[in-house]
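Next up, entry.pdb (PDB, C-alpha atoms, pLDDT in the B column):
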ATOM      1  CA  MET A 739      -7.798  18.762 -14.999  1.00 70.00           C
ATOM      2  CA  THR A 740     -10.362  18.091 -12.257  1.00 79.00           C
ATOM      3  CA  ASP A 741      -9.931  20.042  -9.014  1.00 91.00           C
ATOM      4  CA  THR A 742      -9.704  17.173  -6.525  1.00 94.00           C
ATOM      5  CA  ARG A 743      -9.526  19.358  -3.400  1.00 95.00           C
ATOM      6  CA  PRO A 744     -13.269  19.457  -2.648  1.00 97.00           C
ATOM      7  CA  ARG A 745     -13.584  15.682  -2.822  1.00 97.00           C
ATOM      8  CA  LYS A 746     -10.368  15.161  -0.792  1.00 97.00           C
ATOM      9  CA  GLN A 747     -11.705  17.533   1.884  1.00 97.00           C
ATOM     10  CA  ALA A 748     -15.063  15.741   1.935  1.00 98.00           C
ATOM     11  CA  LEU A 749     -13.423  12.310   2.301  1.00 98.00           C
ATOM     12  CA  HIS A 750     -11.161  13.662   5.049  1.00 98.00           C
ATOM     13  CA  HIS A 751     -14.119  15.185   6.916  1.00 98.00           C
ATOM     14  CA  PHE A 752     -16.250  12.049   6.558  1.00 98.00           C
ATOM     15  CA  TRP A 753     -13.547   9.472   7.353  1.00 98.00           C
ATOM     16  CA  GLU A 754     -12.125  11.352  10.317  1.00 98.00           C
ATOM     17  CA  ARG A 755     -15.369  10.758  12.175  1.00 98.00           C
ATOM     18  CA  ILE A 756     -15.641   7.124  11.136  1.00 98.00           C
ATOM     19  CA  VAL A 757     -12.125   6.018  12.123  1.00 98.00           C
ATOM     20  CA  ASP A 758     -12.298   8.015  15.364  1.00 98.00           C
ATOM     21  CA  GLN A 759     -14.996   5.587  16.492  1.00 97.00           C
ATOM     22  CA  ILE A 760     -12.618   2.613  16.107  1.00 97.00           C
ATOM     23  CA  GLY A 761      -9.509   4.101  17.684  1.00 98.00           C
ATOM     24  CA  TYR A 762      -7.783   5.410  14.582  1.00 98.00           C
ATOM     25  CA  LYS A 763      -6.886   8.837  13.181  1.00 98.00           C
ATOM     26  CA  PHE A 764      -5.294  10.207  10.039  1.00 98.00           C
ATOM     27  CA  THR A 765      -1.518   9.765  10.042  1.00 98.00           C
ATOM     28  CA  PRO A 766       0.362  12.852  11.237  1.00 98.00           C
ATOM     29  CA  ASP A 767       2.323  12.593   7.953  1.00 98.00           C
ATOM     30  CA  GLU A 768       0.321  15.227   6.065  1.00 97.00           C
ATOM     31  CA  GLU A 769       2.237  14.779   2.824  1.00 97.00           C
ATOM     32  CA  LEU A 770       1.301  11.086   2.822  1.00 98.00           C
ATOM     33  CA  VAL A 771      -2.334  11.957   3.613  1.00 98.00           C
ATOM     34  CA  ASP A 772      -2.484  14.332   0.652  1.00 98.00           C
ATOM     35  CA  PHE A 773      -0.837  11.844  -1.709  1.00 98.00           C
ATOM     36  CA  LEU A 774      -3.076   8.958  -0.648  1.00 98.00           C
ATOM     37  CA  LEU A 775      -6.281  11.011  -0.807  1.00 98.00           C
ATOM     38  CA  GLU A 776      -5.257  12.143  -4.286  1.00 98.00           C
ATOM     39  CA  GLN A 777      -4.889   8.483  -5.347  1.00 98.00           C
ATOM     40  CA  GLU A 778      -8.208   7.536  -3.762  1.00 97.00           C
ATOM     41  CA  VAL A 779     -10.136  10.316  -5.491  1.00 98.00           C
ATOM     42  CA  ALA A 780      -8.684   9.103  -8.790  1.00 97.00           C
ATOM     43  CA  LEU A 781      -9.516   5.472  -7.969  1.00 97.00           C
ATOM     44  CA  GLU A 782     -13.032   6.526  -6.964  1.00 97.00           C
ATOM     45  CA  GLU A 783     -13.455   8.335 -10.271  1.00 96.00           C
ATOM     46  CA  LYS A 784     -12.209   5.291 -12.219  1.00 95.00           C
ATOM     47  CA  PHE A 785     -13.819   2.448 -10.258  1.00 95.00           C
ATOM     48  CA  GLU A 786     -16.712   4.207  -8.447  1.00 96.00           C
ATOM     49  CA  ALA A 787     -15.261   3.595  -4.972  1.00 97.00           C
ATOM     50  CA  PRO A 788     -12.176   4.863  -3.086  1.00 98.00           C
ATOM     51  CA  TYR A 789     -10.151   1.641  -3.120  1.00 97.00           C
ATOM     52  CA  CYS A 790      -6.955   1.255  -1.095  1.00 98.00           C
ATOM     53  CA  PRO A 791      -4.064   2.538  -3.267  1.00 98.00           C
ATOM     54  CA  CYS A 792      -1.819  -0.320  -2.084  1.00 98.00           C
ATOM     55  CA  GLN A 793      -4.144  -3.257  -2.714  1.00 97.00           C
ATOM     56  CA  ARG A 794      -5.615  -4.516  -5.961  1.00 94.00           C
ATOM     57  CA  ARG A 795      -9.207  -5.077  -6.943  1.00 92.00           C
ATOM     58  CA  THR A 796      -9.876  -8.667  -8.076  1.00 90.00           C
ATOM     59  CA  GLY A 797     -13.256  -8.111  -9.701  1.00 90.00           C
ATOM     60  CA  ALA A 798     -14.892 -10.280  -7.035  1.00 93.00           C
ATOM     61  CA  TRP A 799     -17.121  -7.826  -5.170  1.00 94.00           C
ATOM     62  CA  ALA A 800     -17.114  -9.743  -1.851  1.00 95.00           C
ATOM     63  CA  GLN A 801     -13.327  -9.412  -1.791  1.00 94.00           C
ATOM     64  CA  ASP A 802     -13.061  -5.955  -3.332  1.00 96.00           C
ATOM     65  CA  MET A 803     -15.425  -4.342  -0.829  1.00 97.00           C
ATOM     66  CA  GLN A 804     -12.891  -5.288   1.852  1.00 97.00           C
ATOM     67  CA  ILE A 805     -10.357  -2.848   0.418  1.00 97.00           C
ATOM     68  CA  ILE A 806     -12.650   0.155   0.086  1.00 98.00           C
ATOM     69  CA  CYS A 807     -11.330   2.865   2.359  1.00 98.00           C
ATOM     70  CA  PRO A 808     -11.497   2.968   5.325  1.00 98.00           C
ATOM     71  CA  CYS A 809     -10.982  -0.789   5.189  1.00 98.00           C
ATOM     72  CA  ILE A 810      -9.848  -1.099   8.839  1.00 98.00           C
ATOM     73  CA  PRO A 811     -12.874  -3.128  10.088  1.00 97.00           C
ATOM     74  CA  TYR A 812     -12.139  -5.932   7.584  1.00 97.00           C
ATOM     75  CA  HIS A 813      -8.494  -6.176   8.625  1.00 97.00           C
ATOM     76  CA  ARG A 814      -8.744  -5.151  12.265  1.00 97.00           C
ATOM     77  CA  GLU A 815      -6.410  -7.726  13.782  1.00 96.00           C
ATOM     78  CA  HIS A 816      -3.752  -7.244  11.124  1.00 96.00           C
ATOM     79  CA  TYR A 817      -3.879  -3.446  11.278  1.00 97.00           C
ATOM     80  CA  ASP A 818      -3.944  -3.357  15.085  1.00 97.00           C
ATOM     81  CA  LYS A 819      -0.753  -5.427  15.003  1.00 96.00           C
ATOM     82  CA  MET A 820       0.895  -2.767  12.798  1.00 97.00           C
ATOM     83  CA  ARG A 821      -0.886   0.113  14.594  1.00 98.00           C
ATOM     84  CA  ARG A 822      -1.671   1.425  11.120  1.00 98.00           C
ATOM     85  CA  CYS A 823      -3.623   0.409   8.058  1.00 98.00           C
ATOM     86  CA  TRP A 824      -1.817  -1.151   5.112  1.00 98.00           C
ATOM     87  CA  CYS A 825      -1.380   2.058   3.066  1.00 98.00           C
ATOM     88  CA  GLY A 826      -0.610   4.092   6.201  1.00 98.00           C
ATOM     89  CA  LEU A 827      -3.420   6.624   5.796  1.00 98.00           C
ATOM     90  CA  PHE A 828      -4.725   5.783   9.267  1.00 98.00           C
ATOM     91  CA  VAL A 829      -2.818   5.048  12.463  1.00 98.00           C
ATOM     92  CA  HIS A 830      -3.724   4.271  16.034  1.00 98.00           C
ATOM     93  CA  LYS A 831      -4.766   7.390  17.966  1.00 98.00           C
ATOM     94  CA  ASP A 832      -1.643   7.328  20.174  1.00 98.00           C
ATOM     95  CA  VAL A 833       0.821   7.233  17.250  1.00 98.00           C
ATOM     96  CA  THR A 834       3.058  10.304  16.985  1.00 97.00           C
ATOM     97  CA  ASP A 835       5.901   8.835  14.889  1.00 97.00           C
ATOM     98  CA  PRO A 836       4.343   7.011  11.915  1.00 97.00           C
ATOM     99  CA  ASP A 837       7.710   6.505  10.160  1.00 95.00           C
ATOM    100  CA  THR A 838       8.618   3.912  12.777  1.00 95.00           C
ATOM    101  CA  LEU A 839       5.569   1.755  11.965  1.00 96.00           C
ATOM    102  CA  LYS A 840       6.412  -1.164   9.686  1.00 94.00           C
ATOM    103  CA  GLN A 841       4.232  -2.940   7.130  1.00 96.00           C
ATOM    104  CA  ILE A 842       3.784  -6.496   8.431  1.00 95.00           C
ATOM    105  CA  PRO A 843       2.589  -9.028   5.825  1.00 94.00           C
ATOM    106  CA  PRO A 844      -0.937 -10.337   6.440  1.00 91.00           C
ATOM    107  CA  ASP A 845      -1.176 -13.657   8.324  1.00 81.00           C
ATOM    108  CA  GLY A 846      -0.513 -16.664   6.172  1.00 70.00           C
ATOM    109  CA  VAL A 847       1.732 -14.759   3.794  1.00 70.00           C
TER     110      VAL A 847
ATOM    111  CA  MET B 108      29.148 -12.969  -5.551  1.00 63.00           C
ATOM    112  CA  SER B 109      26.444 -12.362  -8.170  1.00 75.00           C
ATOM    113  CA  GLN B 110      23.324 -10.437  -7.141  1.00 80.00           C
ATOM    114  CA  PRO B 111      20.091 -12.499  -7.068  1.00 89.00           C
ATOM    115  CA  ARG B 112      17.440 -11.461  -9.569  1.00 95.00           C
ATOM    116  CA  VAL B 113      15.156  -8.799  -8.089  1.00 98.00           C
ATOM    117  CA  PHE B 114      11.583  -8.253  -9.318  1.00 98.00           C
ATOM    118  CA  LEU B 115       9.061  -5.807  -7.826  1.00 98.00           C
ATOM    119  CA  TYR B 116       5.311  -6.149  -8.205  1.00 98.00           C
ATOM    120  CA  ALA B 117       3.930  -2.670  -7.600  1.00 98.00           C
ATOM    121  CA  LEU B 118       0.948  -0.371  -7.968  1.00 98.00           C
ATOM    122  CA  SER B 119       1.526   3.127  -9.357  1.00 98.00           C
ATOM    123  CA  THR B 120      -0.845   4.508  -6.709  1.00 98.00           C
ATOM    124  CA  CYS B 121       1.065   3.021  -3.771  1.00 98.00           C
ATOM    125  CA  PRO B 122       3.577   5.230  -1.914  1.00 98.00           C
ATOM    126  CA  TRP B 123       5.293   2.195  -0.363  1.00 98.00           C
ATOM    127  CA  CYS B 124       5.900   0.771  -3.817  1.00 98.00           C
ATOM    128  CA  ARG B 125       7.536   4.096  -4.742  1.00 98.00           C
ATOM    129  CA  LYS B 126       9.663   3.970  -1.575  1.00 97.00           C
ATOM    130  CA  THR B 127      10.725   0.415  -2.514  1.00 98.00           C
ATOM    131  CA  LYS B 128      11.753   1.565  -6.005  1.00 98.00           C
ATOM    132  CA  GLN B 129      13.694   4.429  -4.396  1.00 98.00           C
ATOM    133  CA  PHE B 130      15.407   2.063  -1.955  1.00 97.00           C
ATOM    134  CA  LEU B 131      16.509  -0.293  -4.740  1.00 97.00           C
ATOM    135  CA  THR B 132      17.690   2.647  -6.855  1.00 97.00           C
ATOM    136  CA  ASP B 133      19.557   4.305  -3.984  1.00 97.00           C
ATOM    137  CA  THR B 134      21.326   1.054  -3.099  1.00 96.00           C
ATOM    138  CA  LYS B 135      22.227   0.544  -6.783  1.00 95.00           C
ATOM    139  CA  VAL B 136      20.466  -2.796  -6.987  1.00 96.00           C
ATOM    140  CA  GLU B 137      19.470  -3.879 -10.490  1.00 96.00           C
ATOM    141  CA  PHE B 138      15.768  -4.726 -10.554  1.00 98.00           C
ATOM    142  CA  ASP B 139      12.794  -5.074 -12.827  1.00 98.00           C
ATOM    143  CA  PHE B 140       9.292  -4.007 -11.842  1.00 98.00           C
ATOM    144  CA  VAL B 141       5.742  -3.859 -13.074  1.00 98.00           C
ATOM    145  CA  ASP B 142       3.020  -1.402 -12.081  1.00 98.00           C
ATOM    146  CA  VAL B 143       0.169  -3.889 -12.233  1.00 97.00           C
ATOM    147  CA  ASP B 144      -2.522  -1.238 -12.291  1.00 96.00           C
ATOM    148  CA  LEU B 145      -1.131   0.320 -15.472  1.00 97.00           C
ATOM    149  CA  LEU B 146      -1.516  -2.901 -17.497  1.00 96.00           C
ATOM    150  CA  SER B 147      -4.553  -3.932 -19.526  1.00 95.00           C
ATOM    151  CA  ASP B 148      -7.130  -5.829 -17.469  1.00 91.00           C
ATOM    152  CA  ASP B 149      -6.180  -9.263 -18.786  1.00 93.00           C
ATOM    153  CA  GLU B 150      -2.461  -8.638 -18.369  1.00 96.00           C
ATOM    154  CA  ALA B 151      -3.028  -7.175 -14.902  1.00 95.00           C
ATOM    155  CA  ASP B 152      -5.062 -10.217 -13.801  1.00 94.00           C
ATOM    156  CA  ALA B 153      -2.355 -12.597 -15.033  1.00 96.00           C
ATOM    157  CA  ILE B 154       0.456 -10.682 -13.348  1.00 97.00           C
ATOM    158  CA  ALA B 155      -1.529 -10.216 -10.118  1.00 95.00           C
ATOM    159  CA  ASP B 156      -2.237 -13.955 -10.043  1.00 95.00           C
ATOM    160  CA  LYS B 157       1.488 -14.611 -10.492  1.00 96.00           C
ATOM    161  CA  ALA B 158       2.271 -12.201  -7.640  1.00 96.00           C
ATOM    162  CA  TYR B 159      -0.302 -13.999  -5.471  1.00 94.00           C
ATOM    163  CA  GLU B 160       1.179 -17.368  -6.449  1.00 95.00           C
ATOM    164  CA  VAL B 161       4.701 -16.416  -5.357  1.00 95.00           C
ATOM    165  CA  SER B 162       3.667 -14.469  -2.249  1.00 94.00           C
ATOM    166  CA  GLY B 163       0.188 -15.486  -1.151  1.00 92.00           C
ATOM    167  CA  ALA B 164      -0.578 -11.783  -0.894  1.00 90.00           C
ATOM    168  CA  ARG B 165      -2.860  -9.329  -2.678  1.00 92.00           C
ATOM    169  CA  VAL B 166      -1.250  -6.344  -1.002  1.00 96.00           C
ATOM    170  CA  PHE B 167       1.645  -4.424  -2.522  1.00 98.00           C
ATOM    171  CA  PRO B 168       4.626  -3.987  -2.746  1.00 98.00           C
ATOM    172  CA  ILE B 169       5.832  -7.538  -3.322  1.00 98.00           C
ATOM    173  CA  VAL B 170       9.563  -7.979  -3.946  1.00 98.00           C
ATOM    174  CA  VAL B 171      11.032 -11.239  -5.210  1.00 98.00           C
ATOM    175  CA  VAL B 172      14.736 -11.535  -4.362  1.00 97.00           C
ATOM    176  CA  GLY B 173      16.016 -14.779  -5.829  1.00 95.00           C
ATOM    177  CA  ASP B 174      14.028 -17.440  -4.002  1.00 95.00           C
ATOM    178  CA  ASP B 175      12.910 -15.058  -1.239  1.00 96.00           C
ATOM    179  CA  VAL B 176       9.760 -12.902  -1.214  1.00 97.00           C
ATOM    180  CA  VAL B 177       9.302  -9.697   0.791  1.00 97.00           C
ATOM    181  CA  VAL B 178       5.715  -8.468   1.175  1.00 97.00           C
ATOM    182  CA  GLY B 179       5.385  -4.813   2.189  1.00 97.00           C
ATOM    183  CA  TYR B 180       7.980  -2.069   2.400  1.00 97.00           C
ATOM    184  CA  ASP B 181      10.751  -3.589   4.520  1.00 96.00           C
ATOM    185  CA  PRO B 182      14.094  -1.957   3.706  1.00 96.00           C
ATOM    186  CA  ASP B 183      15.884  -3.714   6.564  1.00 95.00           C
ATOM    187  CA  LYS B 184      14.913  -7.141   5.264  1.00 96.00           C
ATOM    188  CA  LEU B 185      15.747  -6.153   1.689  1.00 97.00           C
ATOM    189  CA  ALA B 186      19.152  -4.774   2.762  1.00 96.00           C
ATOM    190  CA  ASP B 187      19.839  -8.042   4.562  1.00 95.00           C
ATOM    191  CA  LEU B 188      18.819 -10.224   1.609  1.00 96.00           C
ATOM    192  CA  LEU B 189      20.702  -8.073  -0.893  1.00 95.00           C
ATOM    193  CA  LYS B 190      23.729  -7.560   1.351  1.00 93.00           C
ATOM    194  CA  VAL B 191      23.693  -3.819   0.760  1.00 92.00           C
ATOM    195  CA  GLY B 192      24.395  -1.096   3.248  1.00 85.00           C
ATOM    196  CA  TRP B 193      21.446   1.074   4.183  1.00 77.00           C
ATOM    197  CA  GLY B 194      20.929   3.639   6.934  1.00 68.00           C
ATOM    198  CA  SER B 195      17.279   3.835   8.023  1.00 57.00           C
TER     199      SER B 195
END
Any chance you could give the structure as C-alpha cells?
Amino acid sequence: MTDTRPRKQALHHFWERIVDQIGYKFTPDEELVDFLLEQEVALEEKFEAPYCPCQRRTGAWAQDMQIICPCIPYHREHYDKMRRCWCGLFVHKDVTDPDTLKQIPPDGV
Amino acid sequence: MSQPRVFLYALSTCPWCRKTKQFLTDTKVEFDFVDVDLLSDDEADAIADKAYEVSGARVFPIVVVGDDVVVGYDPDKLADLLKVGWGS
C-alpha cells in the first residue's frame, strides 16, 4: 500500500500558494481536505493528473484539463457564486463555516 | 402516494455523492445508483453520456427523482421533492 502522505503534503504545500493568489484557501474542514487529497493522489496515480474527484474525465483533453485541480480559474464565475469550488476543497478566504456553502449547478444546467 | 423512482449518478471518489447516498439511506428512500468511475471505460462513457443527457451536467452527484433532476448535493431540494422530513 503506497504511503500517500508525502504526495498529499506536497500538493497541499504547492496548491496553498496558488489558490492564495486568487482569493481562495483550503476549506477549514480538515477531514474533507484529507479525504479529497487522498482521492486526488489516487486519481493522479491512475490518470497522471490530480483530477477533481467530483467531475468526470471525458477523454477530450481540452475539456479534461479544466477539471485538473486546482480548477478554479476555469470555473471562476461559478465557483465565486458558491464561494467554494465544486468538490469543496477550496473556499473563499473569508469563509469560516464551509458546511453552509451549497453546491449550485453550473449555468445552463 | 407512491414514491417516484430515484436514481443517483455518482463517483466513488466524490464526498458529496457519499453524502447524497447517506441522505437517501437516512430518509429511507429507495434508490438505485451507479458509481460511474468504477465501470469499464465503455460502460462509463455510456452512463456518463446518459447522465449528461438528463442533466446537462458533467459534475456529480446527479439525482433523478421521477421527472426532476437535482445536480449537486442539495438535501433541502431532495427532501422537498421526496416529501421526506429532514433536519439540516
ask   = What's the 6 Å shell around segment 786-797 of chain A, counting all atoms listed in the file, without same-chain residues fewer than 5 positions away, as a list of chain:residue names?
value =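 Here the qualifying residues turn out to be A:Glu778, A:Leu781, A:Asp802, A:Ile805, A:Ile806, A:Cys807, A:Cys825, B:Thr120, B:Cys121, B:Val166, B:Phe167.
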request  = Apply the ChimeraX specification (/A :<12) & /B to the displayed file and report the matching residues as a PyMOL selection string.
outcome  = chain B and resi 116-126+142-145+148-149+151-156+158-169+176-184+195
Pull C-alpha atoms from the residues just selected and write them as a short mmCIF file (atom, residue, chain, number, x, y, z; two decimals), in the frame of the given file.
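Output saved as out-v4.cif:
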data_model
loop_
_atom_site.label_atom_id
_atom_site.label_comp_id
_atom_site.auth_asym_id
_atom_site.auth_seq_id
_atom_site.Cartn_x
_atom_site.Cartn_y
_atom_site.Cartn_z
CA TYR B 116 5.31 -6.15 -8.20
CA ALA B 117 3.93 -2.67 -7.60
CA LEU B 118 0.95 -0.37 -7.97
CA SER B 119 1.53 3.13 -9.36
CA THR B 120 -0.84 4.51 -6.71
CA CYS B 121 1.06 3.02 -3.77
CA PRO B 122 3.58 5.23 -1.91
CA TRP B 123 5.29 2.19 -0.36
CA CYS B 124 5.90 0.77 -3.82
CA ARG B 125 7.54 4.10 -4.74
CA LYS B 126 9.66 3.97 -1.58
CA ASP B 142 3.02 -1.40 -12.08
CA VAL B 143 0.17 -3.89 -12.23
CA ASP B 144 -2.52 -1.24 -12.29
CA LEU B 145 -1.13 0.32 -15.47
CA ASP B 148 -7.13 -5.83 -17.47
CA ASP B 149 -6.18 -9.26 -18.79
CA ALA B 151 -3.03 -7.18 -14.90
CA ASP B 152 -5.06 -10.22 -13.80
CA ALA B 153 -2.36 -12.60 -15.03
CA ILE B 154 0.46 -10.68 -13.35
CA ALA B 155 -1.53 -10.22 -10.12
CA ASP B 156 -2.24 -13.96 -10.04
CA ALA B 158 2.27 -12.20 -7.64
CA TYR B 159 -0.30 -14.00 -5.47
CA GLU B 160 1.18 -17.37 -6.45
CA VAL B 161 4.70 -16.42 -5.36
CA SER B 162 3.67 -14.47 -2.25
CA GLY B 163 0.19 -15.49 -1.15
CA ALA B 164 -0.58 -11.78 -0.89
CA ARG B 165 -2.86 -9.33 -2.68
CA VAL B 166 -1.25 -6.34 -1.00
CA PHE B 167 1.64 -4.42 -2.52
CA PRO B 168 4.63 -3.99 -2.75
CA ILE B 169 5.83 -7.54 -3.32
CA VAL B 176 9.76 -12.90 -1.21
CA VAL B 177 9.30 -9.70 0.79
CA VAL B 178 5.72 -8.47 1.18
CA GLY B 179 5.38 -4.81 2.19
CA TYR B 180 7.98 -2.07 2.40
CA ASP B 181 10.75 -3.59 4.52
CA PRO B 182 14.09 -1.96 3.71
CA ASP B 183 15.88 -3.71 6.56
CA LYS B 184 14.91 -7.14 5.26
CA SER B 195 17.28 3.84 8.02
#
What box, with edges along x, y and z, holds each listed atom of segment 175-192 of chain B when 4 Å is added on every side, and can you state its centre and edge lengths in Å to one decimal, as AutoDock Vina command-line options?
--center_x 14.9 --center_y -8.1 --center_z 2.7 --size_x 27.0 --size_y 22.0 --size_z 15.8
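Within 8 Å of the point (22.6, -11.6, -5.7) in file coordinates, and counting all atoms listed in the file, lie the residues Met108, Ser109, Gln110, Pro111, Arg112, Val172, Gly173 and Leu189 of chain B.
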task = Report as a list in words the full result of the PyMOL selection byres ((chain A and resi 762) around 9) when it is applied to this structure.
result =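 When the PyMOL selection byres ((chain A and resi 762) around 9) is applied, the selected residues are Glu754, Ile756, Val757, Asp758, Gln759, Ile760, Gly761, Lys763, Phe764, Thr765, Ile810, Arg821, Arg822, Phe828, Val829, His830, Lys831 and Asp832 of chain A.
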The PyMOL selection byres ((chain B and resi 137) around 9) resolved against shown file, as a list in words =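 Applying the PyMOL selection byres ((chain B and resi 137) around 9) to the structure shown produces Gln110, Arg112, Val113, Leu131, Thr132, Lys135, Val136, Phe138 and Asp139 of chain B.
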Just-selected residues, C-alpha atoms written as a PDB file, keeping the file's coordinate frame:
ATOM      1  CA  GLN B 110      23.324 -10.437  -7.141  1.00 80.00           C
ATOM      2  CA  ARG B 112      17.440 -11.461  -9.569  1.00 95.00           C
ATOM      3  CA  VAL B 113      15.156  -8.799  -8.089  1.00 98.00           C
ATOM      4  CA  LEU B 131      16.509  -0.293  -4.740  1.00 97.00           C
ATOM      5  CA  THR B 132      17.690   2.647  -6.855  1.00 97.00           C
ATOM      6  CA  LYS B 135      22.227   0.544  -6.783  1.00 95.00           C
ATOM      7  CA  VAL B 136      20.466  -2.796  -6.987  1.00 96.00           C
ATOM      8  CA  PHE B 138      15.768  -4.726 -10.554  1.00 98.00           C
ATOM      9  CA  ASP B 139      12.794  -5.074 -12.827  1.00 98.00           C
TER      10      ASP B 139
END
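Note that the spacing between atom CA of Met803 of chain A and atom CA of Val833 of chain A amounts to 26.9 Å.
Near Ala186 of chain B, within 10 Å and counting only C-alpha atoms, sit Phe130, Leu131, Thr134, Gly192, Trp193 and Gly194 of chain B; same-chain residues fewer than 6 positions away were not included.
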ask   = Please, what distance in Å, to one decimal, runs between atom CA of Phe114 of chain B and atom CA of Val141 of chain B?
value =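 Atom-to-atom, atom CA of Phe114 of chain B and atom CA of Val141 of chain B are spaced 8.2 Å apart.
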ask   = Which is closer to His813 of chain A than all the others in A:Gln801, A:Trp753, A:Glu783, A:Pro836, using all atoms listed in the file?
value =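 So, comparing all the options, the nearest one is A:Gln801.
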One-decimal distance in Å that lies between atom CA of Ala800 of chain A and atom CA of His816 of chain A =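 If I compute the distance from atom CA of His816 of chain A to atom CA of Ala800 of chain A, I get 18.8 Å.
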